[in-house]
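S.K.: Sharing a structure below in structure tokens format, with a few things to ask.
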Amino acid sequence: MARFDSSQSFDICEAHPERELVGDSSRAGELVAPLAGREAKAIVHVKLSNKSYTLEAAECVAAKLRELESVVSVDVSDVIAGRPEAEALSVLSTLSSAFGSSRLTAVDVSDNALGQKGIDALLPLLEKQPLRSLRVCNNGMSAAAAEQLASLVAADSLEVLHYHNNMSGDGGALAVARIVDKARNLVDFRFSGTRAGRPGSLAVAKSLASLANLRALDLVDNVLGLEGGEALAAFLATAT
């Protein structure tokens, strides 16, 4: 995520770094209370991480966040730990809906257990957004969830894509490769710890050919094989 100064950012994690369950609207209200004295148009970055929200708490937080008018960067990483699946999906949907009218350029949804239902819950953050940065790390993504993600993301504006520690195998790799094929402006690509086999890893390696501006690349813990290695070598030979 881009760096923002304190006047542009609302970061619950920075103000309250301790891990906690935000269990009701009373505690949630305390966490968002500082927004009352802030200019709504000045805040462009919101981070809600390192808390686990109940639905009641999420509704309170979302109601306040809807007052913000200029948000372009949202970090909702690690916000549903320990919550039952049905409530976790409702929490993700509720928090995401607060940004339904925003034009987002950076989103981090890492460290939340996401299947296809989880991706659906995050639609306001992903669908038709002009994203330049997307981080989907340690989400337990299945191949089907990765397919869903690939169908939603408008990849042509992406500059940063991190997809780490999602054991989505070859199916997930093929989906990510389709994103990369369209993401001609990528400068930072992380695709690591996915347990992709040779077919999927080869597809990802071949997708790099279109990336003229790539400056950072992480393909750790994928099975490239000979063909994948050759595709990667060919890309690296032309990279400047």
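Chain identifiers are assigned as A, B, and so on, following the order in which chains appear in the structure tokens; residues are numbered from 1 within each chain, and ligands are numbered from 1 in order of appearance.
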Give me the residues within 7 Å of Ala106 (chain A) as a tab-separated table (two decimals) with N, CA, C and O atoms, in the first residue's frame, counting only C-alpha atoms and dropping any in the same chain fewer than 6 places off.
M.R.:
chain	number	residue	atom	x	y	z
A	1	MET	N	0.85	-1.19	0.00
A	1	MET	CA	0.00	0.00	0.00
A	1	MET	C	0.89	1.25	0.00
A	1	MET	O	1.97	1.26	0.57
A	72	VAL	N	-9.43	6.42	-1.37
A	72	VAL	CA	-8.92	5.72	-2.54
A	72	VAL	C	-8.16	4.45	-2.15
A	72	VAL	O	-7.86	3.61	-3.01
A	73	SER	N	-7.84	4.30	-0.86
A	73	SER	CA	-7.04	3.17	-0.41
A	73	SER	C	-7.70	2.53	0.81
A	73	SER	O	-7.99	3.23	1.79
A	74	VAL	N	-7.92	1.21	0.76
A	74	VAL	CA	-8.61	0.50	1.83
A	74	VAL	C	-7.83	-0.75	2.21
A	74	VAL	O	-7.47	-1.56	1.34
A	131	LEU	N	-8.04	-0.23	-9.76
A	131	LEU	CA	-6.99	-0.59	-8.82
A	131	LEU	C	-5.59	-0.49	-9.43
A	131	LEU	O	-5.34	-1.00	-10.52
A	132	ARG	N	-4.69	0.12	-8.68
A	132	ARG	CA	-3.29	0.10	-9.04
A	132	ARG	C	-2.52	-0.87	-8.14
A	132	ARG	O	-1.43	-1.31	-8.51
A	133	SER	N	-3.09	-1.19	-6.98
A	133	SER	CA	-2.44	-2.10	-6.04
A	133	SER	C	-3.48	-3.04	-5.44
A	133	SER	O	-4.51	-2.59	-4.94
A	134	LEU	N	-3.20	-4.34	-5.50
A	134	LEU	CA	-4.08	-5.36	-4.93
A	134	LEU	C	-3.24	-6.40	-4.21
A	134	LEU	O	-2.35	-7.01	-4.79
S.K.: For the strand (DSSP E) assignment from backbone DSSP, which residues of region 160-201 of chain A qualify? Please present them as a list in words.
M.R.: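 Across region 160-201 of chain A, those assigned strand (DSSP E) are Val160, Leu161, His162, Tyr163, His164, Asp188, Phe189, Arg190, Phe191 and Ser192 of chain A.
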S.K.: At a cut-off of 7 Å, can you tabulate as JSON lines every residue of region 173-192 of chain A near region 159-168 of chain A together with its closest atom pair and the distance in Å to one decimal, using only C-alpha atoms and ordering rows by chain then number?
M.R.:
{"residue": "A:Asn185", "atom": "CA", "partner": "A:Glu159", "partner_atom": "CA", "distance": 5.3}
{"residue": "A:Leu186", "atom": "CA", "partner": "A:Glu159", "partner_atom": "CA", "distance": 3.9}
{"residue": "A:Val187", "atom": "CA", "partner": "A:Glu159", "partner_atom": "CA", "distance": 5.3}
{"residue": "A:Asp188", "atom": "CA", "partner": "A:Val160", "partner_atom": "CA", "distance": 4.7}
{"residue": "A:Phe189", "atom": "CA", "partner": "A:Leu161", "partner_atom": "CA", "distance": 5.0}
{"residue": "A:Arg190", "atom": "CA", "partner": "A:His162", "partner_atom": "CA", "distance": 4.5}
{"residue": "A:Phe191", "atom": "CA", "partner": "A:Tyr163", "partner_atom": "CA", "distance": 5.0}
{"residue": "A:Ser192", "atom": "CA", "partner": "A:His164", "partner_atom": "CA", "distance": 4.9}
S.K.: Please provide as a PyMOL selection string all residues within 12 Å of region 79-86 of chain A, with the sequence filter that same-chain residues fewer than 6 positions apart are discarded (counting only C-alpha atoms).
M.R.: chain A and resi 12-13+19-23+47-55+57-58+92-96+108-115+117-118+121+139
S.K.: Can you spit out the residues from that selection as a compact mmCIF listing (two decimals), in the first residue's frame, using N, CA, C and O atoms?
M.R.:
# COMPACT_ATOMS: atom_id res chain seq x y z
N ILE A 12 -7.06 2.37 12.33
CA ILE A 12 -7.44 1.83 13.63
C ILE A 12 -6.30 1.04 14.25
O ILE A 12 -6.07 1.09 15.46
N CYS A 13 -5.57 0.32 13.43
CA CYS A 13 -4.48 -0.52 13.93
C CYS A 13 -3.37 0.31 14.54
O CYS A 13 -2.80 -0.04 15.58
N ARG A 19 -4.31 -6.66 19.53
CA ARG A 19 -5.27 -7.56 18.90
C ARG A 19 -6.51 -7.65 19.77
O ARG A 19 -6.41 -7.80 20.99
N GLU A 20 -7.71 -7.54 19.17
CA GLU A 20 -8.91 -7.64 19.99
C GLU A 20 -10.13 -7.99 19.14
O GLU A 20 -10.15 -7.79 17.93
N LEU A 21 -11.13 -8.52 19.82
CA LEU A 21 -12.43 -8.72 19.23
C LEU A 21 -13.26 -7.47 19.50
O LEU A 21 -13.47 -7.11 20.66
N VAL A 22 -13.69 -6.82 18.45
CA VAL A 22 -14.57 -5.67 18.59
C VAL A 22 -15.99 -6.23 18.59
O VAL A 22 -16.54 -6.55 17.54
N GLY A 23 -16.56 -6.37 19.78
CA GLY A 23 -17.74 -7.19 19.94
C GLY A 23 -19.07 -6.50 19.83
O GLY A 23 -20.10 -7.15 19.64
N LYS A 47 -7.56 2.01 7.21
CA LYS A 47 -7.05 0.70 7.59
C LYS A 47 -7.78 0.21 8.82
O LYS A 47 -7.80 0.88 9.86
N LEU A 48 -8.38 -0.96 8.72
CA LEU A 48 -9.19 -1.53 9.80
C LEU A 48 -8.58 -2.79 10.39
O LEU A 48 -9.23 -3.50 11.16
N SER A 49 -7.35 -3.08 10.09
CA SER A 49 -6.70 -4.36 10.38
C SER A 49 -6.47 -4.61 11.86
O SER A 49 -6.56 -3.73 12.71
N ASN A 50 -6.14 -5.89 12.12
CA ASN A 50 -5.72 -6.36 13.44
C ASN A 50 -6.83 -6.34 14.47
O ASN A 50 -6.59 -6.36 15.67
N LYS A 51 -8.05 -6.28 13.99
CA LYS A 51 -9.23 -6.41 14.85
C LYS A 51 -10.13 -7.47 14.23
O LYS A 51 -10.13 -7.66 13.01
N SER A 52 -10.90 -8.13 15.05
CA SER A 52 -11.91 -9.05 14.55
C SER A 52 -13.26 -8.45 14.92
O SER A 52 -13.53 -8.19 16.10
N TYR A 53 -14.10 -8.22 13.93
CA TYR A 53 -15.35 -7.49 14.14
C TYR A 53 -16.55 -8.43 14.12
O TYR A 53 -16.65 -9.31 13.25
N THR A 54 -17.45 -8.23 15.06
CA THR A 54 -18.76 -8.87 14.95
C THR A 54 -19.57 -8.07 13.94
O THR A 54 -19.20 -6.95 13.56
N LEU A 55 -20.71 -8.61 13.54
CA LEU A 55 -21.55 -7.90 12.59
C LEU A 55 -22.05 -6.58 13.17
O LEU A 55 -22.08 -5.55 12.48
N ALA A 57 -20.61 -4.67 15.35
CA ALA A 57 -19.50 -3.72 15.33
C ALA A 57 -19.22 -3.23 13.92
O ALA A 57 -18.97 -2.04 13.69
N ALA A 58 -19.24 -4.15 12.95
CA ALA A 58 -18.97 -3.79 11.56
C ALA A 58 -19.99 -2.79 11.03
O ALA A 58 -19.67 -1.86 10.30
N LEU A 92 -17.50 -8.90 6.17
CA LEU A 92 -16.77 -8.46 4.98
C LEU A 92 -17.68 -7.65 4.06
O LEU A 92 -17.27 -6.60 3.53
N SER A 93 -18.89 -8.13 3.86
CA SER A 93 -19.83 -7.43 2.99
C SER A 93 -20.18 -6.05 3.55
O SER A 93 -20.24 -5.06 2.81
N THR A 94 -20.40 -5.99 4.86
CA THR A 94 -20.78 -4.73 5.50
C THR A 94 -19.65 -3.71 5.43
O THR A 94 -19.87 -2.54 5.06
N LEU A 95 -18.44 -4.12 5.76
CA LEU A 95 -17.31 -3.20 5.70
C LEU A 95 -17.03 -2.75 4.27
O LEU A 95 -16.76 -1.57 4.01
N SER A 96 -17.12 -3.68 3.32
CA SER A 96 -16.88 -3.35 1.93
C SER A 96 -17.91 -2.38 1.39
O SER A 96 -17.59 -1.48 0.60
N ASP A 108 -6.20 -3.98 0.13
CA ASP A 108 -5.52 -5.11 0.77
C ASP A 108 -6.58 -5.92 1.53
O ASP A 108 -7.19 -5.41 2.47
N VAL A 109 -6.79 -7.16 1.11
CA VAL A 109 -7.77 -8.03 1.76
C VAL A 109 -7.09 -9.25 2.40
O VAL A 109 -7.74 -10.25 2.68
N SER A 110 -5.81 -9.17 2.64
CA SER A 110 -5.02 -10.30 3.12
C SER A 110 -5.45 -10.78 4.50
O SER A 110 -6.13 -10.07 5.25
N ASP A 111 -5.07 -12.01 4.80
CA ASP A 111 -5.27 -12.61 6.13
C ASP A 111 -6.73 -12.73 6.53
O ASP A 111 -7.07 -12.65 7.72
N ASN A 112 -7.59 -12.89 5.56
CA ASN A 112 -8.99 -13.24 5.78
C ASN A 112 -9.26 -14.53 5.01
O ASN A 112 -8.86 -14.65 3.86
N ALA A 113 -9.95 -15.47 5.62
CA ALA A 113 -10.27 -16.72 4.94
C ALA A 113 -11.33 -16.44 3.87
O ALA A 113 -12.46 -16.07 4.19
N LEU A 114 -10.94 -16.59 2.61
CA LEU A 114 -11.84 -16.25 1.51
C LEU A 114 -12.05 -17.45 0.59
O LEU A 114 -11.09 -17.99 0.05
N GLY A 115 -13.27 -17.83 0.37
CA GLY A 115 -13.63 -18.71 -0.72
C GLY A 115 -14.34 -17.85 -1.75
O GLY A 115 -14.24 -16.63 -1.73
N LYS A 117 -17.42 -17.26 -1.83
CA LYS A 117 -18.37 -16.42 -1.09
C LYS A 117 -17.68 -15.19 -0.52
O LYS A 117 -18.26 -14.10 -0.47
N GLY A 118 -16.45 -15.36 -0.08
CA GLY A 118 -15.71 -14.24 0.46
C GLY A 118 -15.40 -13.21 -0.60
O GLY A 118 -15.49 -11.99 -0.36
N ALA A 121 -18.41 -11.24 -1.21
CA ALA A 121 -18.65 -10.27 -0.14
C ALA A 121 -17.81 -9.01 -0.31
O ALA A 121 -18.17 -7.94 0.18
N ASN A 139 -5.00 -15.95 2.20
CA ASN A 139 -6.46 -15.95 2.23
C ASN A 139 -7.08 -17.33 2.06
O ASN A 139 -8.30 -17.44 1.99
S.K.: At most 7 Å is the cut-off: for each residue in region 113-200 of chain A with any atom that close to an atom of region 220-238 of chain A, write down the nearest atom pair and the distance in Å rounded to one decimal, counting only C-alpha atoms, chain first then increasing number, as a tab-separated table.
M.R.:
residue	atom	partner	partner_atom	distance
A:Ser192	CA	A:Val220	CA	4.7
A:Gly193	CA	A:Asp221	CA	5.0
A:Thr194	CA	A:Asn222	CA	6.6
A:Arg195	CA	A:Asn222	CA	5.7
A:Ala196	CA	A:Asn222	CA	5.3
A:Gly197	CA	A:Val223	CA	5.0
A:Arg198	CA	A:Leu224	CA	5.2
S.K.: Would you kindly return, as JSON, numbers by chain, each protein, DNA or RNA residue with an atom no farther than 7 Å from any atom of Ala40 (chain A), considering only C-alpha atoms and excluding same-chain residues fewer than 5 positions away?
M.R.: {"A": [67, 68, 69]}
S.K.: Quick one: write out the picked residues with N, CA and C atoms as a PDB file, in the first residue's frame?
M.R.:
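Result written to out-v5.pdb:
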ATOM      1  N   GLU A  67     -19.404   8.268   5.594  1.00  0.00           N
ATOM      2  CA  GLU A  67     -19.349   9.723   5.579  1.00  0.00           C
ATOM      3  C   GLU A  67     -18.100  10.243   4.867  1.00  0.00           C
ATOM      4  N   LEU A  68     -17.117   9.379   4.684  1.00  0.00           N
ATOM      5  CA  LEU A  68     -15.870   9.790   4.040  1.00  0.00           C
ATOM      6  C   LEU A  68     -16.075   9.897   2.532  1.00  0.00           C
ATOM      7  N   GLU A  69     -15.535  10.933   1.930  1.00  0.00           N
ATOM      8  CA  GLU A  69     -15.855  11.239   0.539  1.00  0.00           C
ATOM      9  C   GLU A  69     -14.727  11.005  -0.450  1.00  0.00           C
TER      10      GLU A  69
END
S.K.: Dump as a Markdown table the rows for residues of region 37-126 of chain A within 6 Å of region 6-10 of chain A: closest atom pair and distance in Å with one decimal, only C-alpha atoms counted, ordered by chain and rising residue number.
M.R.:
| residue | atom | partner | partner_atom | distance |
| --- | --- | --- | --- | --- |
| A:Ala42 | CA | A:Gln8 | CA | 5.6 |
| A:Ile43 | CA | A:Gln8 | CA | 4.4 |
| A:Val44 | CA | A:Gln8 | CA | 5.5 |
| A:His45 | CA | A:Ser9 | CA | 4.7 |
| A:Val46 | CA | A:Phe10 | CA | 4.9 |
S.K.: Output N, CA, C and O atoms for every residue in that selection, as a short mmCIF file (atom, residue, chain, number, x, y, z; two decimals), in the first residue's frame.
M.R.:
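The new file again_9.cif reads:
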data_model
loop_
_atom_site.label_atom_id
_atom_site.label_comp_id
_atom_site.auth_asym_id
_atom_site.auth_seq_id
_atom_site.Cartn_x
_atom_site.Cartn_y
_atom_site.Cartn_z
N ALA A 42 -10.59 14.98 3.57
CA ALA A 42 -9.13 14.89 3.73
C ALA A 42 -8.64 13.46 3.83
O ALA A 42 -7.47 13.18 3.54
N ILE A 43 -9.49 12.52 4.21
CA ILE A 43 -9.06 11.15 4.46
C ILE A 43 -9.13 10.34 3.17
O ILE A 43 -10.20 10.19 2.57
N VAL A 44 -7.98 9.82 2.75
CA VAL A 44 -7.92 9.05 1.51
C VAL A 44 -7.56 7.58 1.76
O VAL A 44 -7.72 6.74 0.87
N HIS A 45 -7.08 7.27 2.97
CA HIS A 45 -6.67 5.89 3.29
C HIS A 45 -7.33 5.44 4.57
O HIS A 45 -7.31 6.15 5.59
N VAL A 46 -7.92 4.24 4.54
CA VAL A 46 -8.56 3.65 5.72
C VAL A 46 -7.98 2.27 5.97
O VAL A 46 -7.90 1.44 5.04
#
S.K.: Can you list, as a ChimeraX atom specification, all residues belonging to region 62-231 of chain A that DSSP tags as alpha helix (DSSP H)?
M.R.: /A:62-65,85-97,116-121,123-126,143-152,169-182,198-207,225-231
S.K.: Please, could you write that set of residues out with C-alpha atoms as a PDB file, in the first residue's frame?
M.R.:
ATOM      1  CA  ALA A  62     -19.335   1.085   8.196  1.00  0.00           C
ATOM      2  CA  ALA A  63     -21.957   3.713   9.017  1.00  0.00           C
ATOM      3  CA  LYS A  64     -19.209   6.138  10.013  1.00  0.00           C
ATOM      4  CA  LEU A  65     -16.955   5.290   7.077  1.00  0.00           C
ATOM      5  CA  GLU A  85     -18.390 -18.309   8.490  1.00  0.00           C
ATOM      6  CA  ALA A  86     -21.844 -16.756   8.080  1.00  0.00           C
ATOM      7  CA  GLU A  87     -20.987 -13.804  10.303  1.00  0.00           C
ATOM      8  CA  ALA A  88     -17.541 -13.411   8.739  1.00  0.00           C
ATOM      9  CA  LEU A  89     -19.089 -13.082   5.276  1.00  0.00           C
ATOM     10  CA  SER A  90     -21.596 -10.534   6.574  1.00  0.00           C
ATOM     11  CA  VAL A  91     -18.789  -8.549   8.211  1.00  0.00           C
ATOM     12  CA  LEU A  92     -16.774  -8.459   4.979  1.00  0.00           C
ATOM     13  CA  SER A  93     -19.833  -7.432   2.990  1.00  0.00           C
ATOM     14  CA  THR A  94     -20.776  -4.732   5.499  1.00  0.00           C
ATOM     15  CA  LEU A  95     -17.307  -3.196   5.701  1.00  0.00           C
ATOM     16  CA  SER A  96     -16.878  -3.351   1.926  1.00  0.00           C
ATOM     17  CA  SER A  97     -20.230  -1.709   1.310  1.00  0.00           C
ATOM     18  CA  GLN A 116     -15.832 -17.710  -3.623  1.00  0.00           C
ATOM     19  CA  LYS A 117     -18.371 -16.419  -1.095  1.00  0.00           C
ATOM     20  CA  GLY A 118     -15.707 -14.235   0.460  1.00  0.00           C
ATOM     21  CA  ILE A 119     -14.787 -12.740  -2.896  1.00  0.00           C
ATOM     22  CA  ASP A 120     -18.472 -12.041  -3.504  1.00  0.00           C
ATOM     23  CA  ALA A 121     -18.645 -10.268  -0.139  1.00  0.00           C
ATOM     24  CA  LEU A 123     -17.388  -6.975  -4.534  1.00  0.00           C
ATOM     25  CA  PRO A 124     -17.528  -3.238  -3.733  1.00  0.00           C
ATOM     26  CA  LEU A 125     -13.742  -3.250  -3.234  1.00  0.00           C
ATOM     27  CA  LEU A 126     -12.905  -5.266  -6.343  1.00  0.00           C
ATOM     28  CA  ALA A 143      -8.824 -22.283  -7.549  1.00  0.00           C
ATOM     29  CA  ALA A 144     -12.506 -21.339  -7.861  1.00  0.00           C
ATOM     30  CA  ALA A 145     -11.991 -18.246  -5.699  1.00  0.00           C
ATOM     31  CA  ALA A 146      -9.016 -17.227  -7.829  1.00  0.00           C
ATOM     32  CA  GLU A 147     -11.179 -17.629 -10.936  1.00  0.00           C
ATOM     33  CA  GLN A 148     -13.771 -15.384  -9.329  1.00  0.00           C
ATOM     34  CA  LEU A 149     -11.113 -12.806  -8.517  1.00  0.00           C
ATOM     35  CA  ALA A 150      -9.787 -12.847 -12.076  1.00  0.00           C
ATOM     36  CA  SER A 151     -13.272 -12.252 -13.453  1.00  0.00           C
ATOM     37  CA  LEU A 152     -13.738  -9.137 -11.293  1.00  0.00           C
ATOM     38  CA  GLY A 169      -2.675 -24.965  -7.146  1.00  0.00           C
ATOM     39  CA  ASP A 170      -2.627 -24.985 -10.929  1.00  0.00           C
ATOM     40  CA  GLY A 171      -6.171 -23.671 -11.225  1.00  0.00           C
ATOM     41  CA  GLY A 172      -5.334 -20.617  -9.145  1.00  0.00           C
ATOM     42  CA  ALA A 173      -2.132 -20.064 -11.104  1.00  0.00           C
ATOM     43  CA  LEU A 174      -3.992 -20.140 -14.416  1.00  0.00           C
ATOM     44  CA  ALA A 175      -6.443 -17.552 -13.059  1.00  0.00           C
ATOM     45  CA  VAL A 176      -3.662 -15.270 -11.832  1.00  0.00           C
ATOM     46  CA  ALA A 177      -1.858 -15.636 -15.157  1.00  0.00           C
ATOM     47  CA  ARG A 178      -4.949 -14.267 -16.890  1.00  0.00           C
ATOM     48  CA  ILE A 179      -4.820 -11.215 -14.619  1.00  0.00           C
ATOM     49  CA  VAL A 180      -1.133 -10.687 -15.377  1.00  0.00           C
ATOM     50  CA  ASP A 181      -1.742 -11.051 -19.126  1.00  0.00           C
ATOM     51  CA  LYS A 182      -3.886  -7.909 -18.936  1.00  0.00           C
ATOM     52  CA  ARG A 198       4.200 -27.186 -13.680  1.00  0.00           C
ATOM     53  CA  PRO A 199       1.151 -26.293 -15.837  1.00  0.00           C
ATOM     54  CA  GLY A 200       0.101 -23.382 -13.650  1.00  0.00           C
ATOM     55  CA  SER A 201       3.633 -22.146 -13.001  1.00  0.00           C
ATOM     56  CA  LEU A 202       4.358 -22.277 -16.727  1.00  0.00           C
ATOM     57  CA  ALA A 203       1.282 -20.139 -17.432  1.00  0.00           C
ATOM     58  CA  VAL A 204       2.430 -17.556 -14.875  1.00  0.00           C
ATOM     59  CA  ALA A 205       5.974 -17.557 -16.259  1.00  0.00           C
ATOM     60  CA  LYS A 206       4.685 -17.035 -19.798  1.00  0.00           C
ATOM     61  CA  SER A 207       2.411 -14.202 -18.672  1.00  0.00           C
ATOM     62  CA  GLY A 225       9.939 -27.238 -14.358  1.00  0.00           C
ATOM     63  CA  LEU A 226      12.103 -26.999 -17.485  1.00  0.00           C
ATOM     64  CA  GLU A 227       9.563 -25.165 -19.656  1.00  0.00           C
ATOM     65  CA  GLY A 228       8.672 -22.738 -16.910  1.00  0.00           C
ATOM     66  CA  GLY A 229      12.337 -22.097 -16.200  1.00  0.00           C
ATOM     67  CA  GLU A 230      12.975 -21.420 -19.862  1.00  0.00           C
ATOM     68  CA  ALA A 231      10.026 -19.001 -20.028  1.00  0.00           C
TER      69      ALA A 231
END
